[in-house]
Amino acid sequence: MRRLAGMSTILFVIVIVLMLVVSLPTWLLSVLILANLSLSLVVTAVAMGTPRPLDFSSFPSLLLLTTLFRLALSVSTARLILLQANAGSVVQAFGQFVVGGNPAVGFILFLLLFIVQFMVITRGAERVSEVAARFTLDAMPGKQMAIDADLHAGVLTEAQARERRREIALEADFYGAMDGSAKFVRGDAMATLVILLVNVAGGLLIGMVERGLSFSQAFDTYTLLSVGDAIAAQLPAILLSVATGIIVTRSGASGQEMAAALGGQLFGRSQPLYVVAALIAALGVVTPVGLVPALALAAGLVWIASRIAAMERVAPAGAAAGAGGVAGAPAPPPAEPAAVLPDPVALEFGYGLLGLADPERGGDLLARVTAVRRALAEELGFVVPPVRVRDNVQLPPQAYVVRLRGVEVARGEVIADRLLAMSVSEAAVPGIPTRDPVFGLPALWITPAQREAALAVRATVVEPSAVIATHVSEVLRRRAHELLRREDARAFLDRVRQEDPAVVEELSPQVLPPGVLHRVLANLLREGVPIADGVTICEALADGAAQTKDPDALTEVVRRALGRSITRAAAGGGRLAVVTLDAALEQDLLARVQRTTDGGGGLELDPAARDQVVGRLAAALEPALSQGRRAAVVTTPLLRPHLRRALERALPDVPVLSYGELDPEAQVEPMGMVTSA
């Protein structure tokens, strides 16, 4: 159907071009003139019935094509008038019937139609189009910011935000095109007047010189035909001018057809109609305008007002009876309240921090949270859910809370009108002692005027909104595995399918169940391993899934495939200090691994034994960590995931690697071996 419509449009343009150079028979010209009038009526009816301007987004292009078609008809008609003094039955009818066969009356009637179209409708529509285009373009940044704010607040999903941004772009394009299309309508009106004058002057010359007609005969013949042609062209032009005015003056948010909107708003209340009926009746009695027509019109208005008043009386009763109910009928039982799911991620703050989230007051918290999500998407390889940002009057004024699915996971306090200075002593820069909410480091709250003094002593100065955004970023990074949904795992496969369809085909649900894939990806994110390299991950899973469906075992297979990037991330571009476990300790810990029914497992250590292992590892790592160097624990692949989970609370920032994923080219510095004794 779409292809047929496209071919029809191309054929229509070709016909327009041919009409400019090929002489048409009178019967075909009459058919085309009636088709032009019908098309204009259809366009006007569609414009009146369109709820929103964007629902008729093809109107600017249609306006151009119909204008060209009308001008081509005028050229064809002028050719027949000058050559044959006959332009078909339709032009003859407009010349004889519409203007009564009087050329002078016809010319005056055409001038009146021209003035109505050119001076009123076209000029007004052109001005409205220009203003609408300008205001739409000026409002685009604000609308984009509103969409971003709703996206951050969780009101919109990513798909809804993209759709709204697309609508804003279409709206700007539409009103810009309408601004230019209005010029076509204005030019068409001028062209019709010029064609009329040319037809009259040319007809007089040809009739008197070539046909031997007298002046009066030539004037009557050619003026009637020219005026008939002009009026036949002017009526469709006026209709399209009206359609243009309707489109550009519609409210994009009304969501109603024009007839319904006008009827509902103009005849929505009975009181104005009663007042008008009384004034019309008084006008008929006091003035000689005619008592009968005035009273008849007043009676009609009173009847309409009484019907509206009856509807106004029914509406409150129906509302009291219940939505959609009838007065006197029993109200339906109240609907059960819908369950409200907690937001995946929410940032709540006290009223003292409202300014940080208000762009009109210079707050940039929303923009920073957006940047955090964008950076995490690039770093981790999947898009974390939107962060719902809102105030909470139950919190202290300067406090903020980060929640995951309604559960508080982080809390902090900032001072909105101060800056956080780290790595500086109070003796160097006076301030309010505190601790960095993100990493717990000693810090000071200083005034903006002290920024330069703090920077002079090489302190790190951070704005309060940046502190909150950094805290949110750290929470999302550490808990990304909790935010990964089955839908994200499916999107992961869709992304890989675009790069390497073959490897995704190997990972059918029979080979690798979706739940196992989700567990593997969550295991990687839990230890800070990005899942951006989807092809490598899927290739490793395709190889490993033939031997096992255990998520932990498959995670180790994937980690070995990603060994180079894991090692380099742990080393941070420098030398990596490593601590190993002796064989006896590894065997002892492996013997304590307890498998669970869901394929997981863990080290079954009593608190004393756990503290002993953690203490020895921490002591071995201390020399490197105290110097700010990177350090890691290296063990066997079988023990690695269980040891990492045992250490993640006590040593959350220390990576645990296996021998199989160490990059041979990495600079590794052994720091010692932890024994069981």
# chains A, B, ... in the order shown; residues from 1 in each chain; ligands from 1

call {"tool": "residues_around", "arguments": {"residues": "Asp343 in chain A", "least_positions_apart": "3", "cutoff": "7 Å", "atoms": "only C-alpha atoms", "output": "list in words"}}
result
Ala346, Arg388, Arg405 and Gly406 of chain A

call {"tool": "write_last_selection", "arguments": {"atoms": "N, CA and C atoms", "output": "PDB file, in the first residue's frame"}}
result
ATOM      1  N   ALA A 346      16.618   5.062  43.420  1.00  0.00           N
ATOM      2  CA  ALA A 346      16.029   6.328  43.850  1.00  0.00           C
ATOM      3  C   ALA A 346      17.049   7.112  44.662  1.00  0.00           C
ATOM      4  N   ARG A 388      15.517   7.774  40.026  1.00  0.00           N
ATOM      5  CA  ARG A 388      14.399   8.629  40.430  1.00  0.00           C
ATOM      6  C   ARG A 388      14.898   9.628  41.477  1.00  0.00           C
ATOM      7  N   ARG A 405      15.443  -0.448  44.815  1.00  0.00           N
ATOM      8  CA  ARG A 405      14.151  -1.124  44.957  1.00  0.00           C
ATOM      9  C   ARG A 405      13.535  -0.888  46.333  1.00  0.00           C
ATOM     10  N   GLY A 406      13.619   0.352  46.776  1.00  0.00           N
ATOM     11  CA  GLY A 406      12.986   0.769  48.017  1.00  0.00           C
ATOM     12  C   GLY A 406      13.801   0.563  49.270  1.00  0.00           C
TER      13      GLY A 406
END

call {"tool": "residues_around", "arguments": {"residues": "Gly572 in chain A", "least_positions_apart": "4", "cutoff": "12 Å", "atoms": "only C-alpha atoms", "output": "VMD selection string"}}
result
chain A and resid 565 to 568 576 to 577 628 to 632 655 666 to 668

call {"tool": "closest_residue", "arguments": {"among": "A:Phe439, A:Phe110, A:Phe349, A:Phe382", "to": "Arg403 in chain A", "atoms": "only C-alpha atoms"}}
result
A:Phe349

call {"tool": "closest_residue", "arguments": {"among": "A:Leu295, A:Leu80, A:Asp552, A:Thr470", "to": "Leu279 in chain A", "atoms": "only C-alpha atoms"}}
result
A:Leu295

call {"tool": "residues_around", "arguments": {"residues": "Arg165 in chain A", "least_positions_apart": "2", "cutoff": "10 Å", "atoms": "only C-alpha atoms", "output": "PyMOL selection string"}}
result
chain A and resi 140+143-144+147-148+159-163+167-171

call {"tool": "write_last_selection", "arguments": {"atoms": "C-alpha atoms", "output": "tab-separated table (two decimals), in the first residue's frame"}}
result
chain	number	residue	atom	x	y	z
A	140	MET	CA	13.05	23.06	22.12
A	143	LYS	CA	11.33	20.70	26.34
A	144	GLN	CA	14.50	18.61	26.05
A	147	ILE	CA	12.27	15.21	29.18
A	148	ASP	CA	15.68	14.69	30.78
A	159	ALA	CA	11.86	4.35	25.06
A	160	GLN	CA	9.28	6.95	26.09
A	161	ALA	CA	11.97	9.63	26.33
A	162	ARG	CA	13.21	8.77	22.83
A	163	GLU	CA	9.66	8.95	21.47
A	167	GLU	CA	8.00	14.22	18.55
A	168	ILE	CA	9.76	17.47	19.49
A	169	ALA	CA	12.02	17.19	16.46
A	170	LEU	CA	9.04	16.42	14.21
A	171	GLU	CA	7.14	19.37	15.66

call {"tool": "select_by_dssp", "arguments": {"residues": "range 427-628 of chain A", "states": "strand (DSSP E)", "output": "VMD selection string"}}
result
chain A and resid 432 to 435 442 to 446 460 to 462 576 to 581 593 to 595 601 to 603

call {"tool": "residues_around", "arguments": {"residues": "Arg560 in chain A", "least_positions_apart": "6", "cutoff": "9 Å", "atoms": "only C-alpha atoms", "output": "list in words"}}
result
Ala540, Ile566, Ser658, Gly660, Glu661 and Leu662 of chain A

call {"tool": "residues_around", "arguments": {"residues": "Ile16 in chain A", "least_positions_apart": "5", "cutoff": "10 Å", "atoms": "only C-alpha atoms", "output": "list in words"}}
result
Leu11, Val21, Leu65, Thr66, Leu68, Phe69, Arg70, Leu71, Ala72 and Leu73 of chain A

call {"tool": "residues_around", "arguments": {"residues": "Leu562 in chain A", "least_positions_apart": "4", "cutoff": "12 Å", "atoms": "only C-alpha atoms", "output": "ChimeraX atom specification"}}
result
/A:524,529-541,555-558,566-569,657-658,660-663

call {"tool": "closest_residue", "arguments": {"among": "A:Ala233, A:Val503, A:Leu521, A:Ala296", "to": "Asp543 in chain A", "atoms": "only C-alpha atoms"}}
result
A:Val503

call {"tool": "atom_distance", "arguments": {"atom1": "CA of Ala93 in chain A", "atom2": "CA of Ile231 in chain A"}}
result
10.6 Å

call {"tool": "residues_around", "arguments": {"residues": "Leu196 in chain A", "least_positions_apart": "6", "cutoff": "8 Å", "atoms": "only C-alpha atoms", "output": "list in words"}}
result
Ser226, Val227, Asp229 and Ala230 of chain A

call {"tool": "closest_residue", "arguments": {"among": "A:Gly528, A:Pro344, A:Gly544, A:Pro551", "to": "Gly515 in chain A", "atoms": "only C-alpha atoms"}}
result
A:Pro551
